[in-house]
file upload_11.cif (mmCIF, C-alpha atoms and all ligand atoms)
data_entry
#
loop_
_atom_site.group_PDB
_atom_site.id
_atom_site.type_symbol
_atom_site.label_atom_id
_atom_site.label_comp_id
_atom_site.auth_asym_id
_atom_site.auth_seq_id
_atom_site.Cartn_x
_atom_site.Cartn_y
_atom_site.Cartn_z
ATOM 1 C CA MET A 276 -14.147 7.860 0.645
ATOM 2 C CA SER A 277 -14.641 10.788 2.907
ATOM 3 C CA SER A 278 -12.983 12.364 5.883
ATOM 4 C CA ARG A 279 -14.963 12.425 9.021
ATOM 5 C CA ASN A 280 -14.860 13.954 12.414
ATOM 6 C CA GLY A 281 -14.836 11.263 14.712
ATOM 7 C CA SER A 282 -16.909 9.626 17.263
ATOM 8 C CA SER A 283 -18.002 6.038 16.758
ATOM 9 C CA GLU A 284 -21.595 5.088 16.049
ATOM 10 C CA ILE A 285 -23.574 1.933 16.284
ATOM 11 C CA GLY A 286 -23.560 0.036 12.992
ATOM 12 C CA THR A 287 -20.144 1.273 12.037
ATOM 13 C CA ILE A 288 -16.930 -0.680 11.816
ATOM 14 C CA VAL A 289 -14.444 1.488 13.590
ATOM 15 C CA THR A 290 -10.916 0.282 13.847
ATOM 16 C CA ALA A 291 -9.301 1.576 16.940
ATOM 17 C CA ASN A 292 -5.714 2.687 17.119
ATOM 18 C CA ALA A 293 -5.231 0.625 20.238
ATOM 19 C CA THR A 294 -2.464 1.452 22.609
ATOM 20 C CA ARG A 295 0.542 -0.321 21.260
ATOM 21 C CA SER A 296 1.147 -3.653 22.924
ATOM 22 C CA ALA A 297 2.923 -5.529 20.141
ATOM 23 C CA PRO A 298 6.333 -4.320 19.018
ATOM 24 C CA TYR A 299 6.233 -2.227 15.862
ATOM 25 C CA ILE A 300 6.612 -4.169 12.624
ATOM 26 C CA GLY A 301 6.574 -2.086 9.485
ATOM 27 C CA ARG A 302 7.285 -3.010 5.910
ATOM 28 C CA PHE A 303 8.072 -1.735 2.450
ATOM 29 C CA ALA A 304 6.383 -3.661 -0.324
ATOM 30 C CA PRO A 305 7.414 -2.609 -3.842
ATOM 31 C CA SER A 306 5.994 -4.204 -6.980
ATOM 32 C CA PRO A 307 8.639 -5.220 -9.509
ATOM 33 C CA THR A 308 7.020 -3.295 -12.357
ATOM 34 C CA GLY A 309 10.135 -1.186 -12.916
ATOM 35 C CA PRO A 310 13.173 0.175 -11.087
ATOM 36 C CA LEU A 311 12.813 2.051 -7.789
ATOM 37 C CA HIS A 312 11.797 5.598 -8.730
ATOM 38 C CA PHE A 313 11.922 8.673 -6.547
ATOM 39 C CA GLY A 314 8.284 8.290 -5.464
ATOM 40 C CA SER A 315 8.874 4.770 -4.141
ATOM 41 C CA LEU A 316 12.109 5.969 -2.540
ATOM 42 C CA LEU A 317 10.077 8.451 -0.484
ATOM 43 C CA THR A 318 7.801 5.643 0.728
ATOM 44 C CA ALA A 319 10.791 3.475 1.564
ATOM 45 C CA VAL A 320 12.491 6.291 3.503
ATOM 46 C CA ALA A 321 9.366 7.209 5.469
ATOM 47 C CA SER A 322 8.403 3.637 6.346
ATOM 48 C CA PHE A 323 11.986 2.792 7.328
ATOM 49 C CA LEU A 324 12.337 5.859 9.556
ATOM 50 C CA GLU A 325 8.958 5.281 11.202
ATOM 51 C CA ALA A 326 9.962 1.698 12.016
ATOM 52 C CA ARG A 327 13.311 2.799 13.421
ATOM 53 C CA ARG A 328 11.743 5.608 15.419
ATOM 54 C CA HIS A 329 9.574 3.006 17.125
ATOM 55 C CA ASP A 330 12.564 0.685 17.671
ATOM 56 C CA GLY A 331 10.687 -1.653 15.394
ATOM 57 C CA GLN A 332 11.422 -3.989 12.563
ATOM 58 C CA TRP A 333 11.272 -3.070 8.913
ATOM 59 C CA LEU A 334 10.468 -5.869 6.509
ATOM 60 C CA LEU A 335 11.013 -5.910 2.781
ATOM 61 C CA ARG A 336 8.461 -7.740 0.679
ATOM 62 C CA VAL A 337 8.448 -7.833 -3.105
ATOM 63 C CA GLU A 338 4.851 -7.907 -4.343
ATOM 64 C CA ASP A 339 5.313 -10.095 -7.380
ATOM 65 C CA ILE A 340 1.843 -11.527 -7.907
ATOM 66 C CA ASP A 341 1.002 -9.831 -11.178
ATOM 67 C CA PRO A 342 3.446 -11.260 -13.745
ATOM 68 C CA PRO A 343 1.817 -9.527 -16.758
ATOM 69 C CA ARG A 344 2.717 -6.136 -15.234
ATOM 70 C CA GLU A 345 6.186 -7.090 -14.079
ATOM 71 C CA GLN A 346 9.459 -6.249 -15.727
ATOM 72 C CA PRO A 347 12.241 -8.822 -15.903
ATOM 73 C CA GLY A 348 15.072 -7.897 -13.571
ATOM 74 C CA ALA A 349 13.098 -5.232 -11.712
ATOM 75 C CA SER A 350 13.241 -7.042 -8.351
ATOM 76 C CA ASP A 351 17.015 -7.166 -8.487
ATOM 77 C CA GLU A 352 17.223 -3.544 -9.557
ATOM 78 C CA ILE A 353 15.036 -2.465 -6.646
ATOM 79 C CA LEU A 354 17.039 -4.478 -4.111
ATOM 80 C CA THR A 355 20.323 -3.173 -5.493
ATOM 81 C CA ALA A 356 19.081 0.407 -5.239
ATOM 82 C CA LEU A 357 17.848 -0.083 -1.662
ATOM 83 C CA GLU A 358 21.202 -1.523 -0.635
ATOM 84 C CA LEU A 359 23.090 1.286 -2.287
ATOM 85 C CA TYR A 360 20.959 3.822 -0.440
ATOM 86 C CA GLY A 361 21.859 2.123 2.830
ATOM 87 C CA PHE A 362 18.486 0.650 3.818
ATOM 88 C CA GLU A 363 18.728 -2.163 6.344
ATOM 89 C CA TRP A 364 15.795 -4.534 6.429
ATOM 90 C CA ASP A 365 15.131 -7.147 9.070
ATOM 91 C CA GLY A 366 15.239 -10.774 8.052
ATOM 92 C CA ALA A 367 15.327 -12.059 4.506
ATOM 93 C CA VAL A 368 13.517 -10.371 1.627
ATOM 94 C CA THR A 369 10.201 -12.119 1.050
ATOM 95 C CA PHE A 370 8.385 -12.579 -2.232
ATOM 96 C CA GLN A 371 4.630 -12.430 -2.238
ATOM 97 C CA SER A 372 4.388 -15.131 -4.892
ATOM 98 C CA ALA A 373 5.776 -17.569 -2.311
ATOM 99 C CA SER A 374 2.678 -17.250 -0.134
ATOM 100 C CA ARG A 375 0.231 -18.417 -2.809
ATOM 101 C CA THR A 376 -0.802 -21.391 -0.639
ATOM 102 C CA ALA A 377 -1.728 -19.059 2.201
ATOM 103 C CA HIS A 378 -3.673 -16.860 -0.219
ATOM 104 C CA ASP A 379 -5.596 -19.895 -1.485
ATOM 105 C CA GLU A 380 -6.315 -21.017 2.083
ATOM 106 C CA ALA A 381 -7.728 -17.607 2.971
ATOM 107 C CA ILE A 382 -9.909 -17.700 -0.148
ATOM 108 C CA GLN A 383 -11.164 -21.144 0.844
ATOM 109 C CA LEU A 384 -12.067 -19.860 4.321
ATOM 110 C CA LEU A 385 -14.055 -17.025 2.755
ATOM 111 C CA LEU A 386 -15.838 -19.451 0.410
ATOM 112 C CA ASP A 387 -16.617 -21.828 3.281
ATOM 113 C CA ALA A 388 -18.018 -18.945 5.284
ATOM 114 C CA GLY A 389 -20.297 -18.044 2.379
ATOM 115 C CA LYS A 390 -18.625 -14.635 2.040
ATOM 116 C CA ALA A 391 -17.097 -15.175 -1.406
ATOM 117 C CA TYR A 392 -18.827 -16.201 -4.613
ATOM 118 C CA PRO A 393 -18.026 -16.796 -8.279
ATOM 119 C CA CYS A 394 -18.712 -13.949 -10.689
ATOM 120 C CA GLY A 395 -18.806 -14.699 -14.379
ATOM 121 C CA CYS A 396 -19.408 -11.119 -15.522
ATOM 122 C CA SER A 397 -17.249 -9.970 -18.376
ATOM 123 C CA ARG A 398 -16.129 -6.388 -18.801
ATOM 124 C CA ARG A 399 -18.902 -5.991 -21.348
ATOM 125 C CA ASP A 400 -21.489 -7.334 -18.881
ATOM 126 C CA LEU A 401 -20.464 -4.577 -16.501
ATOM 127 C CA ALA A 402 -20.347 -1.796 -19.092
ATOM 128 C CA ASP A 403 -23.559 -0.251 -17.785
ATOM 129 C CA ALA A 404 -22.747 -0.673 -14.103
ATOM 130 C CA PRO A 405 -22.602 2.518 -12.071
ATOM 131 C CA ARG A 406 -19.165 4.018 -11.550
ATOM 132 C CA GLY A 407 -17.677 5.578 -8.469
ATOM 133 C CA ALA A 408 -14.337 6.935 -7.384
ATOM 134 C CA LEU A 409 -12.911 3.394 -7.317
ATOM 135 C CA GLY A 410 -14.185 2.437 -10.765
ATOM 136 C CA ILE A 411 -17.132 0.168 -11.423
ATOM 137 C CA ILE A 412 -19.476 -0.340 -8.502
ATOM 138 C CA TYR A 413 -20.336 -4.000 -8.889
ATOM 139 C CA PRO A 414 -24.136 -4.285 -9.043
ATOM 140 C CA GLY A 415 -24.254 -7.737 -7.425
ATOM 141 C CA THR A 416 -25.295 -9.567 -10.596
ATOM 142 C CA CYS A 417 -23.840 -12.952 -9.594
ATOM 143 C CA ARG A 418 -24.607 -12.832 -5.879
ATOM 144 C CA ASP A 419 -27.259 -15.506 -6.302
ATOM 145 C CA GLY A 420 -25.151 -17.748 -8.503
ATOM 146 C CA SER A 421 -23.387 -17.822 -11.842
ATOM 147 C CA SER A 422 -23.277 -20.555 -14.436
ATOM 148 C CA ALA A 423 -20.216 -19.170 -16.187
ATOM 149 C CA SER A 424 -17.339 -21.583 -16.764
ATOM 150 C CA GLU A 425 -14.719 -18.874 -16.270
ATOM 151 C CA PHE A 426 -15.124 -16.702 -13.273
ATOM 152 C CA ALA A 427 -13.533 -14.418 -10.747
ATOM 153 C CA LEU A 428 -14.286 -14.643 -7.036
ATOM 154 C CA ARG A 429 -15.849 -11.651 -5.337
ATOM 155 C CA ILE A 430 -16.294 -10.874 -1.702
ATOM 156 C CA GLN A 431 -19.662 -9.845 -0.328
ATOM 157 C CA THR A 432 -19.732 -6.350 1.070
ATOM 158 C CA ASP A 433 -22.106 -4.620 3.390
ATOM 159 C CA ASP A 434 -23.223 -1.062 3.669
ATOM 160 C CA ILE A 435 -21.739 -0.579 7.091
ATOM 161 C CA PRO A 436 -19.449 2.438 7.057
ATOM 162 C CA ILE A 437 -15.853 1.403 7.611
ATOM 163 C CA VAL A 438 -13.894 3.982 9.517
ATOM 164 C CA PHE A 439 -10.210 4.214 10.253
ATOM 165 C CA ASP A 440 -7.987 6.881 11.684
ATOM 166 C CA ASP A 441 -5.042 7.528 9.395
ATOM 167 C CA LEU A 442 -1.913 8.773 11.122
ATOM 168 C CA LEU A 443 -1.443 11.602 8.602
ATOM 169 C CA GLN A 444 -4.761 11.973 6.799
ATOM 170 C CA GLY A 445 -7.084 11.764 9.796
ATOM 171 C CA CYS A 446 -10.342 9.896 10.126
ATOM 172 C CA GLN A 447 -11.528 8.234 6.892
ATOM 173 C CA GLU A 448 -14.808 6.603 6.087
ATOM 174 C CA GLN A 449 -16.098 4.436 3.238
ATOM 175 C CA SER A 450 -19.212 2.332 2.721
ATOM 176 C CA LEU A 451 -18.180 -0.569 0.559
ATOM 177 C CA GLN A 452 -21.473 -1.632 -0.916
ATOM 178 C CA SER A 453 -22.269 1.791 -2.287
ATOM 179 C CA GLU A 454 -18.709 2.897 -3.087
ATOM 180 C CA SER A 455 -17.048 -0.239 -4.499
ATOM 181 C CA GLY A 456 -19.614 -3.017 -4.416
ATOM 182 C CA ASP A 457 -18.548 -6.627 -3.974
ATOM 183 C CA PHE A 458 -14.904 -6.692 -5.008
ATOM 184 C CA VAL A 459 -12.613 -9.252 -6.611
ATOM 185 C CA ILE A 460 -10.259 -11.383 -4.505
ATOM 186 C CA LEU A 461 -9.337 -13.922 -7.173
ATOM 187 C CA ARG A 462 -9.081 -12.716 -10.735
ATOM 188 C CA ARG A 463 -10.630 -14.487 -13.669
ATOM 189 C CA ASP A 464 -7.105 -15.173 -14.989
ATOM 190 C CA GLY A 465 -6.344 -17.089 -11.771
ATOM 191 C CA LEU A 466 -4.137 -14.414 -10.243
ATOM 192 C CA ILE A 467 -4.692 -13.321 -6.652
ATOM 193 C CA ALA A 468 -6.084 -9.819 -6.329
ATOM 194 C CA TYR A 469 -3.901 -7.276 -4.566
ATOM 195 C CA GLN A 470 -6.495 -6.620 -1.837
ATOM 196 C CA LEU A 471 -6.423 -10.209 -0.639
ATOM 197 C CA ALA A 472 -2.682 -10.804 -1.003
ATOM 198 C CA VAL A 473 -1.694 -7.701 0.937
ATOM 199 C CA VAL A 474 -4.061 -8.530 3.808
ATOM 200 C CA VAL A 475 -2.892 -12.139 4.107
ATOM 201 C CA ASP A 476 0.805 -11.258 3.870
ATOM 202 C CA ASP A 477 0.634 -8.411 6.373
ATOM 203 C CA HIS A 478 -1.113 -10.819 8.737
ATOM 204 C CA LEU A 479 1.421 -13.628 8.191
ATOM 205 C CA GLN A 480 4.276 -11.214 8.810
ATOM 206 C CA GLU A 481 2.529 -9.727 11.855
ATOM 207 C CA VAL A 482 2.805 -6.242 10.421
ATOM 208 C CA THR A 483 1.494 -3.725 12.937
ATOM 209 C CA ASP A 484 1.861 -0.552 10.892
ATOM 210 C CA VAL A 485 1.417 0.128 7.199
ATOM 211 C CA VAL A 486 3.100 3.228 5.776
ATOM 212 C CA ARG A 487 2.419 3.674 2.066
ATOM 213 C CA GLY A 488 1.322 6.131 -0.596
ATOM 214 C CA ILE A 489 -1.993 7.936 -0.424
ATOM 215 C CA ASP A 490 -2.943 6.451 -3.800
ATOM 216 C CA LEU A 491 -3.663 3.248 -1.854
ATOM 217 C CA MET A 492 -5.752 4.912 0.839
ATOM 218 C CA ASP A 493 -9.087 4.213 -0.809
ATOM 219 C CA SER A 494 -8.333 0.487 -0.908
ATOM 220 C CA THR A 495 -7.811 0.416 2.870
ATOM 221 C CA PRO A 496 -11.508 -0.080 3.789
ATOM 222 C CA ARG A 497 -11.666 -3.144 1.512
ATOM 223 C CA GLN A 498 -8.602 -4.492 3.287
ATOM 224 C CA ILE A 499 -10.120 -3.795 6.707
ATOM 225 C CA TRP A 500 -13.254 -5.610 5.576
ATOM 226 C CA LEU A 501 -11.187 -8.674 4.628
ATOM 227 C CA GLN A 502 -9.339 -8.494 7.951
ATOM 228 C CA GLN A 503 -12.691 -8.518 9.734
ATOM 229 C CA LEU A 504 -13.957 -11.504 7.760
ATOM 230 C CA LEU A 505 -10.727 -13.447 8.280
ATOM 231 C CA GLY A 506 -10.450 -12.589 11.963
ATOM 232 C CA TYR A 507 -7.169 -10.693 11.538
ATOM 233 C CA ALA A 508 -6.026 -7.678 13.508
ATOM 234 C CA THR A 509 -6.098 -4.370 11.646
ATOM 235 C CA PRO A 510 -2.731 -2.597 11.513
ATOM 236 C CA GLY A 511 -2.274 1.117 11.942
ATOM 237 C CA TYR A 512 -2.336 3.038 8.664
ATOM 238 C CA CYS A 513 -0.298 5.997 7.525
ATOM 239 C CA HIS A 514 -0.831 7.239 3.990
ATOM 240 C CA LEU A 515 1.929 9.455 2.689
ATOM 241 C CA PRO A 516 1.442 12.257 0.218
ATOM 242 C CA VAL A 517 2.296 11.080 -3.241
ATOM 243 C CA ALA A 518 5.266 12.393 -5.218
ATOM 244 C CA VAL A 519 4.214 14.415 -8.237
ATOM 245 C CA ASN A 520 6.120 15.948 -11.135
ATOM 246 C CA LYS A 521 5.784 19.584 -12.104
ATOM 247 C CA LEU A 522 2.610 18.823 -14.057
ATOM 248 C CA GLY A 523 1.080 17.441 -10.865
ATOM 249 C CA GLN A 524 1.151 13.858 -12.143
ATOM 250 C CA LYS A 525 2.013 11.014 -9.820
ATOM 251 C CA LEU A 526 5.548 9.826 -10.482
ATOM 252 C CA SER A 527 5.334 6.532 -12.276
ATOM 253 C CA LYS A 528 6.867 4.755 -15.165
ATOM 254 C CA SER A 529 4.023 5.863 -17.397
ATOM 255 C CA HIS A 530 4.745 9.485 -16.520
ATOM 256 C CA GLY A 531 8.368 9.164 -17.399
ATOM 257 C CA ALA A 532 9.957 8.580 -13.995
ATOM 258 C CA GLY A 533 13.069 6.493 -14.352
ATOM 259 C CA GLY A 534 14.949 4.702 -11.622
ATOM 260 C CA VAL A 535 16.603 6.636 -8.814
ATOM 261 C CA ASP A 536 20.126 7.816 -9.462
ATOM 262 C CA LEU A 537 22.562 5.078 -8.479
ATOM 263 C CA GLN A 538 25.619 7.299 -8.977
ATOM 264 C CA ASN A 539 24.733 9.782 -6.259
ATOM 265 C CA PRO A 540 22.702 8.066 -3.546
ATOM 266 C CA GLU A 541 23.923 10.554 -0.917
ATOM 267 C CA GLY A 542 22.617 13.623 -2.731
ATOM 268 C CA ASN A 543 19.394 11.888 -3.622
ATOM 269 C CA LEU A 544 18.771 10.632 -0.099
ATOM 270 C CA VAL A 545 19.104 14.180 1.189
ATOM 271 C CA LEU A 546 16.677 15.349 -1.529
ATOM 272 C CA ALA A 547 14.261 12.625 -0.398
ATOM 273 C CA LEU A 548 14.456 13.804 3.215
ATOM 274 C CA GLN A 549 13.828 17.385 2.090
ATOM 275 C CA ALA A 550 10.900 16.278 -0.044
ATOM 276 C CA LEU A 551 9.495 14.585 3.053
ATOM 277 C CA GLY A 552 9.515 17.937 4.838
ATOM 278 C CA GLN A 553 12.645 17.312 6.922
ATOM 279 C CA ARG A 554 15.367 19.926 7.210
ATOM 280 C CA PRO A 555 18.736 18.284 6.699
ATOM 281 C CA PRO A 556 21.650 20.722 7.053
ATOM 282 C CA PRO A 557 23.125 21.554 3.620
ATOM 283 C CA ALA A 558 26.477 20.003 4.515
ATOM 284 C CA LEU A 559 24.813 16.613 4.868
ATOM 285 C CA THR A 560 24.789 16.347 1.063
ATOM 286 C CA TRP A 561 28.544 15.800 1.187
ATOM 287 C CA SER A 562 28.374 13.259 3.997
ATOM 288 C CA GLY A 563 28.401 9.520 3.623
ATOM 289 C CA ILE A 564 25.254 7.401 3.643
ATOM 290 C CA PRO A 565 25.689 6.264 7.302
ATOM 291 C CA ASP A 566 25.912 9.869 8.507
ATOM 292 C CA ILE A 567 22.827 10.859 6.539
ATOM 293 C CA TRP A 568 20.836 8.022 8.098
ATOM 294 C CA GLN A 569 22.187 8.866 11.533
ATOM 295 C CA TRP A 570 20.951 12.438 11.130
ATOM 296 C CA ALA A 571 17.604 11.118 9.889
ATOM 297 C CA PHE A 572 17.170 8.671 12.795
ATOM 298 C CA GLU A 573 17.679 11.516 15.246
ATOM 299 C CA SER A 574 15.609 14.143 13.464
ATOM 300 C CA TRP A 575 12.768 12.288 11.741
ATOM 301 C CA ASP A 576 9.389 13.916 12.276
ATOM 302 C CA ILE A 577 6.502 12.556 10.233
ATOM 303 C CA ALA A 578 4.001 15.061 11.628
ATOM 304 C CA VAL A 579 5.142 17.725 9.134
ATOM 305 C CA LEU A 580 3.333 15.676 6.462
ATOM 306 C CA GLU A 581 -0.044 15.786 8.194
ATOM 307 C CA GLN A 582 -2.950 16.472 5.817
ATOM 308 C CA LYS A 583 -0.596 16.751 2.843
ATOM 309 C CA THR A 584 -1.598 14.794 -0.237
ATOM 310 C CA LYS A 585 1.121 15.766 -2.742
ATOM 311 C CA ILE A 586 4.868 16.219 -2.648
ATOM 312 C CA PRO A 587 6.316 18.163 -5.568
ATOM 313 C CA VAL A 588 9.531 16.467 -6.510
ATOM 314 C CA PRO A 589 12.635 18.489 -7.336
ATOM 315 C CA VAL A 590 13.560 18.248 -11.009
ATOM 316 C CA GLN A 591 17.049 16.985 -10.222
ATOM 317 C CA ALA A 592 15.531 13.928 -8.524
ATOM 318 C CA ILE A 593 13.658 12.817 -11.648
ATOM 319 C CA LYS A 594 15.665 10.858 -14.113
ATOM 320 C CA PRO A 595 13.893 10.193 -17.393
HETATM 321 ZN ZN ZN B 601 -20.850 -11.178 -11.895
#
call {"tool": "encode", "arguments": {"input": "upload_11.cif", "output": "structure tokens"}}
result
Amino acid sequence: MSSRNGSSEIGTIVTANATRSAPYIGRFAPSPTGPLHFGSLLTAVASFLEARRHDGQWLLRVEDIDPPREQPGASDEILTALELYGFEWDGAVTFQSASRTAHDEAIQLLLDAGKAYPCGCSRRDLADAPRGALGIIYPGTCRDGSSASEFALRIQTDDIPIVFDDLLQGCQEQSLQSESGDFVILRRDGLIAYQLAVVVDDHLQEVTDVVRGIDLMDSTPRQIWLQQLLGYATPGYCHLPVAVNKLGQKLSKSHGAGGVDLQNPEGNLVLALQALGQRPPPALTWSGIPDIWQWAFESWDIAVLEQKTKIPVPVQAIKP
């Protein structure tokens, strides 16, 4: 993945940030792998405020398609935390696992179009494959057929540069064939790969704008590629700097980030706004949740995060 300075070229897939015709539909899509931690809170706050600033809708979708990684009760914990922090989502919460039929239909379309194929390679088979920033670059071993009885499905990629203009991170470019190779859309264990599920669900929900962490930015070109193959519109993308602890590690369960504080949502919401570069007046800490959101609706400015890739998180916001 590389940044680029602009203009479009022939032989390049460039997704335009068209003038907005559809009403803004944003979303927050947590995975139930643990409670809502401060890093995910920042994403929720930013995506919610962006949606509200555009008088748009903000959808809440639980991405529960990877049961082995999920934690029992985590969905409920996340929803409880979001309610306590005063988030208001539009419509009912959706669960990604409920759209399995739509995922399978999209996979069938890709198979029928000759764009997807079975890959029987095991991890060991790929041990010598070249590696890039995204992991193994699939060498195309099974492109011409596989006789394996257990297989994943991969999507054929091209070496056309895929370019998109990120709201915060600027123009990004990736060539899939050389940087990721043909990638998996259906896992060997039968589970739907994230890349496919997120594309299908954003399309079904008519999401126009994706605001999420920068750790997902390098998967965006693969998602744009799937959108192209499936004939879907490409949403606008905004990749937020990722919350890091004082060692510079991304906040995550594995790096000791516990759930957000449920005893003091007011104080923590103000900390989140500060971490996102906003300047809430100190007295806001002692206000109620509705007043904090009111201030945020009026003052929200995402531009202060332009070109930033990391947000150091205040110690008091990290609960072990
Ligand atoms: Zn293979």
call {"tool": "atom_distance", "arguments": {"input": "upload_11.cif", "atom1": "CA of Gly552 in chain A", "atom2": "CA of Val579 in chain A"}}
result
6.1 Å
call {"tool": "closest_residue", "arguments": {"input": "upload_11.cif", "among": "A:Pro310, A:Gly420, A:Gly533, A:Pro405", "to": "ligand ZN 601 (chain B)", "atoms": "only C-alpha atoms and all ligand atoms"}}
result
A:Gly420
call {"tool": "closest_atom_pairs", "arguments": {"input": "upload_11.cif", "of": "range 334-451 of chain A", "to": "range 559-576 of chain A", "cutoff": "10 Å", "atoms": "all atoms listed in the file", "output": "tab-separated table"}}
result
residue	atom	partner	partner_atom	distance
A:Leu359	CA	A:Ile564	CA	8.8
A:Tyr360	CA	A:Ile564	CA	6.9
A:Gly361	CA	A:Ile564	CA	6.3
A:Phe362	CA	A:Trp568	CA	8.8
call {"tool": "residues_near_ligand", "arguments": {"input": "upload_11.cif", "ligand": "ligand ZN 601 (chain B)", "cutoff": "9 Å", "atoms": "only C-alpha atoms and all ligand atoms", "output": "compact mmCIF listing (two decimals) with C-alpha atoms, in the coordinates of the input"}}
result
# COMPACT_ATOMS: atom_id res chain seq x y z
CA PRO A 393 -18.03 -16.80 -8.28
CA CYS A 394 -18.71 -13.95 -10.69
CA GLY A 395 -18.81 -14.70 -14.38
CA CYS A 396 -19.41 -11.12 -15.52
CA SER A 397 -17.25 -9.97 -18.38
CA ASP A 400 -21.49 -7.33 -18.88
CA LEU A 401 -20.46 -4.58 -16.50
CA TYR A 413 -20.34 -4.00 -8.89
CA PRO A 414 -24.14 -4.28 -9.04
CA GLY A 415 -24.25 -7.74 -7.42
CA THR A 416 -25.30 -9.57 -10.60
CA CYS A 417 -23.84 -12.95 -9.59
CA ARG A 418 -24.61 -12.83 -5.88
CA GLY A 420 -25.15 -17.75 -8.50
CA SER A 421 -23.39 -17.82 -11.84
CA PHE A 426 -15.12 -16.70 -13.27
CA ALA A 427 -13.53 -14.42 -10.75
CA LEU A 428 -14.29 -14.64 -7.04
CA ARG A 429 -15.85 -11.65 -5.34
call {"tool": "atom_distance", "arguments": {"input": "upload_11.cif", "atom1": "CA of Phe303 in chain A", "atom2": "CA of Thr509 in chain A"}}
result
17.1 Å
call {"tool": "closest_residue", "arguments": {"input": "upload_11.cif", "among": "A:Gln431, A:Leu461, A:Thr495, A:Ala592", "to": "Asn539 in chain A", "atoms": "all atoms listed in the file"}}
result
A:Ala592
call {"tool": "residues_around", "arguments": {"input": "upload_11.cif", "residues": "Phe313 in chain A", "least_positions_apart": "5", "cutoff": "10 Å", "atoms": "all atoms listed in the file", "output": "NGL selection string"}}
result
:A and (318-319 or 518-519 or 526-527 or 532-536 or 543-544 or 546-547 or 588-589 or 592-594)
call {"tool": "atom_distance", "arguments": {"input": "upload_11.cif", "atom1": "CA of Ala373 in chain A", "atom2": "CA of Leu324 in chain A"}}
result
27.1 Å
call {"tool": "closest_residue", "arguments": {"input": "upload_11.cif", "among": "A:Gln480, A:Gln346, A:Gln449, A:Thr432", "to": "Gln371 in chain A", "atoms": "only C-alpha atoms"}}
result
A:Gln480
call {"tool": "resolve_selection", "arguments": {"input": "upload_11.cif", "expression": "the PyMOL selection byres (((chain A and resi 345) around 12) and not hetatm)", "output": "JSON, numbers by chain"}}
result
{"A": [305, 306, 307, 308, 309, 310, 337, 338, 339, 340, 341, 342, 343, 344, 346, 347, 348, 349, 350, 528]}
call {"tool": "axis_aligned_box", "arguments": {"input": "upload_11.cif", "around": "range 535-548 of chain A", "padding_each_side": "3 Å", "output": "lines of an AutoDock Vina configuration file"}}
result
center_x = 19.9
center_y = 10.2
center_z = -3.1
size_x = 17.4
size_y = 16.3
size_z = 18.7
call {"tool": "closest_residue", "arguments": {"input": "upload_11.cif", "among": "A:Arg302, A:Arg554, A:Lys390, A:Arg463", "to": "Leu335 in chain A", "atoms": "only C-alpha atoms"}}
result
A:Arg302
call {"tool": "closest_residue", "arguments": {"input": "upload_11.cif", "among": "A:Leu580, A:Ala377, A:Ile288, A:Ile586", "to": "Asp434 in chain A", "atoms": "all atoms listed in the file"}}
result
A:Ile288
call {"tool": "residues_near_point", "arguments": {"input": "upload_11.cif", "point": "(-22.4, 4.6, -8.9)", "cutoff": "12 Å", "atoms": "all atoms listed in the file", "output": "PDB file with C-alpha atoms, in the frame of the given file"}}
result
ATOM      1  CA  ASP A 403     -23.559  -0.251 -17.785  1.00  0.00           C
ATOM      2  CA  ALA A 404     -22.747  -0.673 -14.103  1.00  0.00           C
ATOM      3  CA  PRO A 405     -22.602   2.518 -12.071  1.00  0.00           C
ATOM      4  CA  ARG A 406     -19.165   4.018 -11.550  1.00  0.00           C
ATOM      5  CA  GLY A 407     -17.677   5.578  -8.469  1.00  0.00           C
ATOM      6  CA  ALA A 408     -14.337   6.935  -7.384  1.00  0.00           C
ATOM      7  CA  LEU A 409     -12.911   3.394  -7.317  1.00  0.00           C
ATOM      8  CA  GLY A 410     -14.185   2.437 -10.765  1.00  0.00           C
ATOM      9  CA  ILE A 411     -17.132   0.168 -11.423  1.00  0.00           C
ATOM     10  CA  ILE A 412     -19.476  -0.340  -8.502  1.00  0.00           C
ATOM     11  CA  TYR A 413     -20.336  -4.000  -8.889  1.00  0.00           C
ATOM     12  CA  PRO A 414     -24.136  -4.285  -9.043  1.00  0.00           C
ATOM     13  CA  LEU A 451     -18.180  -0.569   0.559  1.00  0.00           C
ATOM     14  CA  GLN A 452     -21.473  -1.632  -0.916  1.00  0.00           C
ATOM     15  CA  SER A 453     -22.269   1.791  -2.287  1.00  0.00           C
ATOM     16  CA  GLU A 454     -18.709   2.897  -3.087  1.00  0.00           C
ATOM     17  CA  SER A 455     -17.048  -0.239  -4.499  1.00  0.00           C
ATOM     18  CA  GLY A 456     -19.614  -3.017  -4.416  1.00  0.00           C
TER      19      GLY A 456
END
call {"tool": "resolve_selection", "arguments": {"input": "upload_11.cif", "expression": "the PyMOL selection byres (((chain A and resi 445-448) around 6) and not hetatm)", "output": "ChimeraX atom specification"}}
result
/A:276-279,437-441,443-444,449
call {"tool": "closest_residue", "arguments": {"input": "upload_11.cif", "among": "A:His378, A:Arg399, A:His329, A:Lys521", "to": "Leu471 in chain A", "atoms": "all atoms listed in the file"}}
result
A:His378
call {"tool": "residues_near_point", "arguments": {"input": "upload_11.cif", "point": "(-10.6, -18.4, 2.1)", "cutoff": "12 Å", "atoms": "only C-alpha atoms", "output": "PyMOL selection string"}}
result
chain A and resi 375-392+428-430+460-461+467+471-472+474-475+501-502+504-506
call {"tool": "resolve_selection", "arguments": {"input": "upload_11.cif", "expression": "the PyMOL selection byres (((chain A and resi 511-516) around 7) and not hetatm)", "output": "list in words"}}
result
Asn292, Asp441, Leu442, Leu443, Gln444, Thr483, Asp484, Val485, Val486, Arg487, Gly488, Ile489, Met492, Thr509, Pro510, Val517, Ala518, Lys583, Thr584, Lys585 and Ile586 of chain A
